[in-house]
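Asker: Take a look at this one; I'll ask things after.
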Amino acid sequence: AKTEGKEIYVLAIGESLRYSSLSLAGYRRSTTPLLESLDNLTLFSDYYSTANLTMYSVPQIVTRATPDDFLLNYKEKSIVSPFKECGFKVFVIAANLLGYDKHLSFGCDSLIALAENEDDRIAELVDSLADIYEKSFFIVHYKGNHGPYDNFRKDQDIYHPNPVSDKASWDNHEAMINAYDNTVLFTDYNTYNLIKAIDRPETQSGLIMVSDHG
């Protein structure tokens with residue numbers, strides 16, 4: 001059905017984000033306080049990754065490839081194409097695999113490859129580009145929670161000791177978890193800001209976020 005007015009949609013792909021590490025899902029630490037403040041959020045508890053490596057799982061998110069027929073991701077068009085055919089401007093903003101595996105973003109209007117520590121630029125870029133076009137679709141790929149677990153800002157450096165800001169060893173299991181949980185706080189911050197960037201008056205918008213694997 002034809003939709004009147006502005007449309008903005010986002011497919012956000014997280015990286016190494018564990019469901020069991022989200023306070024939104026019952027984790028003992030407050031790792032997703034900003035997302036929990038939203039009243040228009042649905043948490044899916046029955047999503048399973050199809051692979052435990054980014055290079056195999058991400059193609060299966062943006063194409064029809066499956067574990068039984070992975071080569072489809074090379075043979076068929078990606079999710080970019082149907083949105084283009086429906087008149088959307090399509091942007092890929094990536095601090096990870098989608099930034100350099102170009103066949104997965106083929107046909108998009110612009111590919112913006114970020115540095116690995118620039119997840120917090122994504123919401124601002126989406127906000128700016130969505131202002132320009134009536135119909136826009138974004139695929140974003142975080143650096144997210146990939147090791148080494150140092151992808152967080154100073155204001156997310158909450159759990160200590162951790163090997164990033166303290167003299168703790170990466171061999172210290174609890175210290176490693178502290179660092180990882182700080183990266184989850186950063187993902188919470190970035191995803192919350194991304195939702196706020198597209199949640200506009202008189203606009204039909206939506207975001208779905210999945211992680212490539214835990």
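Lettering and numbering for the structure tokens are positional, with chains as A, B, ... in the shown order, residues counted from 1 in each chain, and ligands counted from 1 in the shown order.
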Which residues in chain A does DSSP call alpha helix (DSSP H)? List them as a PyMOL selection string.
Answerer: chain A and resi 33-36+54-62+72-75+80-85+122-132+173-198
Asker: Find the residues near segment 39-51 of chain A: any atom within 7 Å, counting only C-alpha atoms, skip ones fewer than 4 places away on the same chain, and give them as a count of residues only.
Answerer: 5
Asker: From the set A:Asp131, A:Lys77, A:Glu15, A:Gly107, which residue has the shortest atom-to-atom contact distance to Ala95 of chain A, counting only C-alpha atoms?
Answerer: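 Checking each of A:Asp131, A:Lys77, A:Glu15, A:Gly107 against Ala95 of chain A, counting only C-alpha atoms, the winner is A:Glu15.
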Asker: Between A:Arg200, A:Lys135, A:Lys143, A:Lys102, which residue has the minimum interatomic distance to Ile122 of chain A, considering only C-alpha atoms?
Answerer: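 Closest to Ile122 of chain A, using only C-alpha atoms: A:Lys143.
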Asker: Which residues of segment 113-160 of chain A have any atom within 10 Å of an atom in segment 22-37 of chain A when counting only C-alpha atoms, and what is the closest pair of atoms for each, with the distance in Å to one decimal? Order the rows by chain and rising number and write it as CSV.
Answerer:
residue,atom,partner,partner_atom,distance
A:Gln156,CA,A:Thr31,CA,9.6
A:Ile158,CA,A:Thr31,CA,9.7
A:Tyr159,CA,A:Arg29,CA,9.6
Asker: Please write the residues from the selection above to a file, keeping all heavy atoms, as an mmCIF file, in the first residue's frame.
Answerer:
data_model
loop_
_atom_site.group_PDB
_atom_site.id
_atom_site.type_symbol
_atom_site.label_atom_id
_atom_site.label_comp_id
_atom_site.auth_asym_id
_atom_site.auth_seq_id
_atom_site.Cartn_x
_atom_site.Cartn_y
_atom_site.Cartn_z
ATOM 1 N N GLN A 156 30.907 5.786 29.600
ATOM 2 C CA GLN A 156 30.430 4.401 29.737
ATOM 3 C C GLN A 156 31.455 3.513 30.441
ATOM 4 O O GLN A 156 31.243 2.308 30.546
ATOM 5 C CB GLN A 156 30.119 3.813 28.350
ATOM 6 C CG GLN A 156 28.817 4.268 27.724
ATOM 7 C CD GLN A 156 29.036 5.284 26.634
ATOM 8 O OE1 GLN A 156 30.031 5.235 25.922
ATOM 9 N NE2 GLN A 156 28.104 6.208 26.497
ATOM 10 N N ILE A 158 32.111 2.304 33.277
ATOM 11 C CA ILE A 158 31.415 2.175 34.565
ATOM 12 C C ILE A 158 31.936 1.007 35.388
ATOM 13 O O ILE A 158 32.092 1.101 36.611
ATOM 14 C CB ILE A 158 29.893 2.004 34.340
ATOM 15 C CG1 ILE A 158 29.331 3.190 33.544
ATOM 16 C CG2 ILE A 158 29.155 1.821 35.663
ATOM 17 C CD1 ILE A 158 29.470 4.525 34.233
ATOM 18 N N TYR A 159 32.207 -0.099 34.722
ATOM 19 C CA TYR A 159 32.523 -1.332 35.451
ATOM 20 C C TYR A 159 34.025 -1.549 35.539
ATOM 21 O O TYR A 159 34.725 -1.587 34.526
ATOM 22 C CB TYR A 159 31.811 -2.520 34.792
ATOM 23 C CG TYR A 159 30.308 -2.344 34.815
ATOM 24 C CD1 TYR A 159 29.586 -2.151 33.642
ATOM 25 C CD2 TYR A 159 29.616 -2.327 36.028
ATOM 26 C CE1 TYR A 159 28.210 -1.965 33.673
ATOM 27 C CE2 TYR A 159 28.251 -2.140 36.065
ATOM 28 C CZ TYR A 159 27.545 -1.956 34.890
ATOM 29 O OH TYR A 159 26.191 -1.755 34.919
#
Asker: For Gly214 of chain A, work out the shell of residues within 10 Å, counting only C-alpha atoms and skipping chain neighbours fewer than 3 positions away, then give it as a PyMOL selection string.
Answerer: chain A and resi 14-21+48-49+51-53+145-146+211
Asker: Out of segment 45-127 of chain A, which residues get strand (DSSP E) from DSSP, as a PyMOL selection string?
Answerer: chain A and resi 89-94+110-113
